[in-house]
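Participant: So here's upload.cif, just mmCIF, C-alpha atoms:
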data_protein
#
loop_
_atom_site.label_atom_id
_atom_site.label_comp_id
_atom_site.auth_asym_id
_atom_site.auth_seq_id
_atom_site.Cartn_x
_atom_site.Cartn_y
_atom_site.Cartn_z
CA ASP A 1 98.01 141.44 108.94
CA ILE A 2 97.90 138.55 111.40
CA GLN A 3 98.92 139.58 114.90
CA MET A 4 100.55 137.11 117.28
CA THR A 5 100.23 137.57 121.04
CA GLN A 6 102.38 135.57 123.43
CA SER A 7 101.88 135.10 127.13
CA PRO A 8 103.41 135.53 129.52
CA SER A 9 106.03 138.06 128.40
CA SER A 10 108.40 136.62 130.99
CA LEU A 11 108.46 133.90 133.60
CA SER A 12 110.77 132.60 136.30
CA ALA A 13 111.21 128.88 136.72
CA SER A 14 113.54 126.35 138.27
CA VAL A 15 115.46 123.52 136.66
CA GLY A 16 113.11 120.56 136.36
CA ASP A 17 109.95 122.66 136.18
CA ARG A 18 107.30 122.18 133.52
CA VAL A 19 106.94 125.40 131.54
CA THR A 20 104.11 126.42 129.22
CA ILE A 21 104.06 129.38 126.85
CA THR A 22 100.96 130.41 124.93
CA CYS A 23 100.60 132.09 121.56
CA ARG A 24 97.34 133.44 120.17
CA ALA A 25 96.80 134.49 116.57
CA SER A 26 94.38 137.24 115.57
CA GLN A 27 92.78 134.83 113.09
CA GLY A 28 92.95 131.12 112.36
CA ILE A 29 96.33 129.98 111.02
CA SER A 30 95.66 126.26 110.37
CA ASN A 31 98.58 125.01 112.49
CA SER A 32 101.06 127.12 110.48
CA LEU A 33 102.87 127.94 113.69
CA ALA A 34 106.55 127.71 114.57
CA TRP A 35 108.51 128.21 117.78
CA TYR A 36 112.04 129.62 118.00
CA GLN A 37 114.52 129.83 120.86
CA GLN A 38 116.94 132.73 121.12
CA LYS A 39 119.80 133.06 123.57
CA PRO A 40 121.46 136.43 124.28
CA GLY A 41 123.69 137.59 121.44
CA LYS A 42 122.73 134.64 119.25
CA ALA A 43 120.46 134.08 116.28
CA PRO A 44 117.09 132.42 116.81
CA LYS A 45 116.90 128.65 116.46
CA LEU A 46 113.91 126.80 115.01
CA LEU A 47 112.46 124.37 117.57
CA LEU A 48 109.07 123.28 116.25
CA TYR A 49 106.92 123.82 113.18
CA ALA A 50 103.42 122.87 112.06
CA ALA A 51 102.47 123.55 115.68
CA SER A 52 103.78 120.23 116.98
CA ARG A 53 106.57 118.87 114.76
CA LEU A 54 110.00 118.84 116.33
CA GLU A 55 112.85 120.19 114.22
CA SER A 56 115.69 117.72 113.77
CA GLY A 57 118.06 117.64 116.74
CA VAL A 58 115.70 119.37 119.17
CA PRO A 59 115.29 117.53 122.50
CA SER A 60 112.00 115.72 123.06
CA ARG A 61 111.31 117.70 126.25
CA PHE A 62 110.03 120.40 123.88
CA SER A 63 106.53 119.89 122.56
CA GLY A 64 103.85 121.93 120.89
CA SER A 65 100.10 121.77 120.58
CA GLY A 66 97.11 123.78 119.55
CA SER A 67 94.80 124.55 116.69
CA GLY A 68 92.88 127.40 115.15
CA THR A 69 94.10 130.54 116.90
CA ASP A 70 95.59 129.15 120.13
CA TYR A 71 98.91 127.35 120.45
CA THR A 72 101.20 126.20 123.25
CA LEU A 73 104.87 125.43 123.69
CA THR A 74 105.69 123.13 126.60
CA ILE A 75 109.05 122.30 128.08
CA SER A 76 108.45 119.19 130.16
CA SER A 77 111.48 119.49 132.44
CA LEU A 78 113.40 122.74 132.18
CA GLN A 79 117.15 122.35 131.75
CA PRO A 80 119.86 124.97 132.39
CA GLU A 81 120.41 125.43 128.66
CA ASP A 82 116.72 126.24 128.12
CA PHE A 83 116.87 129.65 129.76
CA ALA A 84 116.29 131.87 126.77
CA THR A 85 113.65 133.90 124.96
CA TYR A 86 111.05 132.01 122.94
CA TYR A 87 109.15 133.38 119.95
CA CYS A 88 106.16 132.02 118.12
CA GLN A 89 105.75 132.77 114.41
CA GLN A 90 102.83 132.29 112.08
CA TYR A 91 103.63 131.35 108.50
CA TYR A 92 100.06 131.15 107.27
CA SER A 93 100.41 134.46 105.49
CA THR A 94 103.23 135.97 103.49
CA LEU A 95 106.02 137.42 105.64
CA GLY A 96 105.08 135.50 108.75
CA THR A 97 104.75 137.55 111.88
CA PHE A 98 106.37 136.84 115.22
CA GLY A 99 105.02 137.08 118.72
CA GLN A 100 106.66 139.57 121.06
CA GLY A 101 108.64 136.87 122.87
CA THR A 102 108.63 135.14 126.25
CA LYS A 103 111.76 135.36 128.36
CA VAL A 104 112.34 132.31 130.54
CA GLU A 105 114.52 133.23 133.50
CA ILE A 106 116.06 131.32 136.36
CA LYS A 107 114.10 131.46 139.61
CA GLU B 1 127.42 122.45 107.09
CA VAL B 2 125.01 125.26 106.29
CA GLN B 3 126.55 128.68 106.91
CA LEU B 4 125.15 132.15 106.45
CA VAL B 5 127.49 135.06 107.04
CA GLU B 6 126.19 138.62 106.98
CA SER B 7 128.33 141.69 106.39
CA GLY B 8 127.95 145.36 105.58
CA GLY B 9 126.47 146.71 108.78
CA GLY B 10 127.71 149.83 110.48
CA LEU B 11 126.91 153.37 111.55
CA VAL B 12 125.05 155.56 109.08
CA LYS B 13 123.35 158.94 109.34
CA PRO B 14 119.59 159.33 108.95
CA GLY B 15 118.72 159.50 105.28
CA GLY B 16 121.80 157.52 104.34
CA SER B 17 122.19 154.18 102.59
CA LEU B 18 123.77 150.86 103.36
CA ARG B 19 124.03 147.54 101.53
CA LEU B 20 124.02 144.31 103.48
CA SER B 21 125.34 141.05 102.09
CA CYS B 22 124.86 137.45 103.13
CA ALA B 23 127.25 134.78 101.91
CA ALA B 24 125.77 131.30 101.87
CA SER B 25 127.55 127.96 101.85
CA GLY B 26 126.92 124.31 102.61
CA PHE B 27 123.69 124.00 100.62
CA THR B 28 122.30 124.58 97.14
CA PHE B 29 121.59 128.29 97.52
CA SER B 30 119.64 128.56 94.27
CA SER B 31 117.00 126.10 95.56
CA TYR B 32 115.84 128.11 98.56
CA SER B 33 113.92 131.28 99.27
CA MET B 34 115.87 133.64 101.48
CA ASN B 35 114.88 136.28 103.97
CA TRP B 36 116.00 139.23 106.02
CA VAL B 37 114.73 139.52 109.59
CA ARG B 38 115.73 142.29 111.98
CA GLN B 39 115.76 142.82 115.71
CA ALA B 40 115.96 146.26 117.26
CA PRO B 41 118.04 146.46 120.46
CA GLY B 42 116.18 144.73 123.28
CA LYS B 43 113.15 144.10 121.06
CA GLY B 44 111.51 141.22 119.23
CA LEU B 45 111.89 139.86 115.71
CA GLU B 46 110.53 141.62 112.62
CA TRP B 47 110.43 140.09 109.16
CA VAL B 48 111.87 142.58 106.68
CA SER B 49 111.88 140.98 103.26
CA SER B 50 111.71 137.71 101.38
CA ILE B 51 112.91 136.60 97.94
CA SER B 52 112.11 133.35 96.17
CA SER B 53 114.78 131.05 94.79
CA SER B 54 114.67 132.52 91.28
CA SER B 55 113.82 136.06 92.43
CA SER B 56 110.36 135.74 90.92
CA TYR B 57 108.59 136.59 94.16
CA ILE B 58 109.69 139.41 96.42
CA TYR B 59 107.93 140.73 99.51
CA TYR B 60 108.59 143.57 101.92
CA ALA B 61 107.27 144.58 105.29
CA ASP B 62 105.23 147.78 105.10
CA SER B 63 107.80 149.46 107.34
CA VAL B 64 110.53 149.20 104.67
CA LYS B 65 108.55 149.13 101.42
CA GLY B 66 109.86 151.68 98.93
CA ARG B 67 113.12 152.13 100.84
CA PHE B 68 114.70 148.66 100.92
CA THR B 69 115.47 146.34 98.01
CA ILE B 70 116.23 142.66 98.36
CA SER B 71 118.18 140.80 95.69
CA ARG B 72 120.25 137.70 95.20
CA ASP B 73 122.99 136.36 92.97
CA ASN B 74 122.69 132.59 92.75
CA ALA B 75 125.98 132.33 90.88
CA LYS B 76 127.72 133.93 93.85
CA ASN B 77 125.58 132.23 96.54
CA SER B 78 124.81 135.65 97.93
CA LEU B 79 121.82 137.57 99.25
CA TYR B 80 121.67 141.35 99.48
CA LEU B 81 119.63 144.08 101.11
CA GLN B 82 119.98 147.60 99.77
CA MET B 83 118.72 150.02 102.40
CA ASN B 84 118.03 153.63 101.44
CA SER B 85 116.51 156.59 103.27
CA LEU B 86 117.46 155.02 106.57
CA ARG B 87 115.72 156.11 109.74
CA ALA B 88 116.57 155.82 113.41
CA GLU B 89 113.92 153.12 113.75
CA ASP B 90 115.82 150.95 111.26
CA THR B 91 118.54 150.48 113.89
CA ALA B 92 118.71 146.74 114.48
CA VAL B 93 120.64 143.55 114.05
CA TYR B 94 119.82 142.24 110.58
CA TYR B 95 119.73 138.48 110.14
CA CYS B 96 119.87 136.55 106.91
CA ALA B 97 117.76 133.39 107.14
CA ARG B 98 116.98 130.43 104.91
CA ASP B 99 113.44 129.29 104.27
CA GLY B 100 114.07 125.58 104.61
CA TYR B 101 110.57 124.34 104.00
CA GLY B 102 109.24 126.68 101.36
CA ASP B 103 106.76 128.09 103.83
CA TYR B 104 108.52 131.02 105.49
CA LEU B 105 109.96 128.62 108.06
CA LEU B 106 113.45 129.83 108.90
CA ASP B 107 115.65 126.81 109.60
CA TYR B 108 119.09 128.44 109.36
CA TRP B 109 120.12 131.93 110.42
CA GLY B 110 123.30 133.93 110.15
CA GLN B 111 124.94 135.56 113.16
CA GLY B 112 123.55 138.97 112.23
CA THR B 113 125.03 142.35 111.38
CA LEU B 114 124.31 145.50 113.34
CA VAL B 115 122.99 148.58 111.56
CA THR B 116 122.95 151.78 113.60
CA VAL B 117 121.23 154.86 112.20
CA SER B 118 122.24 157.91 114.16
CA SER B 119 123.51 161.41 113.60
#
Would you mind giving the structure from this file in structure tokens?

Facilitator:
Amino acid sequence: DIQMTQSPSSLSASVGDRVTITCRASQGISNSLAWYQQKPGKAPKLLLYAASRLESGVPSRFSGSGSGTDYTLTISSLQPEDFATYYCQQYYSTLGTFGQGTKVEIK
Amino acid sequence: EVQLVESGGGLVKPGGSLRLSCAASGFTFSSYSMNWVRQAPGKGLEWVSSISSSSSYIYYADSVKGRFTISRDNAKNSLYLQMNSLRAEDTAVYYCARDGYGDYLLDYWGQGTLVTVSS
């Protein structure tokens, strides 16, 4: 099974900050990497896929990059509605696995 | 508008059974693979099971294999998860999710239904 490791597990940031979250796969996943946002009590929402493609309707302040085993989600200027937990997910193998999540909190 | 509405959750004793349902609307249900993903209280996301559009391909996480059965009824636009031999560690919110890209990318999710396994 492919394991996904996110870092950090949590972070505190202010509105307007640039935020970066990292996800590492236990083996190469050929950019088959998605990012989801989840707010408390709500279902996850797909933000990006194929490592860097923005899902329709997602603000352009969200971006993704990476290759091989290492991937990054960047929020260029954090907005109040972005405080949430973010999960990476590999879909290179059947039943894609999720990272453990990164909680973005208000500083 | 795509909608996925789960139902069937509740409190069940260890060793018991429960059947979850997911009613789909707003898209051609029979064209998409569907999935169940769960989230234990305060924990991360865990993929439970996946079923292809025509039910030809079915997959389970090792943690539920042999105990859970996924199925679908395309005529009723519905997805199901039969859960048997339930354990305390199966306690979670269970989400129904659509694979929008044919690649285990989950583009639409339901609101979830809570399953609590406790004596």

Participant: Taking all atoms listed in the file into account, what are the residues of chain B at most 12 Å from chain A, put as a ChimeraX atom specification?

Facilitator: /B:4-6,33-39,41-52,57-62,93-114

Participant: Given the file shown, enumerate the residues that the PyMOL selection byres ((chain B and resi 117) around 9) captures and present them as number ranges by chain.

Facilitator: B: 10-16, 86-92, 115-116, 118-119

Participant: Go ahead and compute the interatomic distance for CA of Pro59 in chain A and CA of Ser31 in chain B, in Å to one decimal.

Facilitator: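 Distance between the two atoms: 28.3 Å.
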
Participant: To one decimal in Å, tell me the separation between CA of Tyr71 in chain A and CA of Leu54 in chain A.

Facilitator: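 These atoms are spaced 14.6 Å apart.
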
Participant: Which residues would end up in the selection if the PyMOL selection byres ((chain A and resi 63) around 10) were applied here, given that I need the answer as an NGL selection string?

Facilitator: :A and (20 or 35 or 47-48 or 51-54 or 58-62 or 64-65 or 72-76)
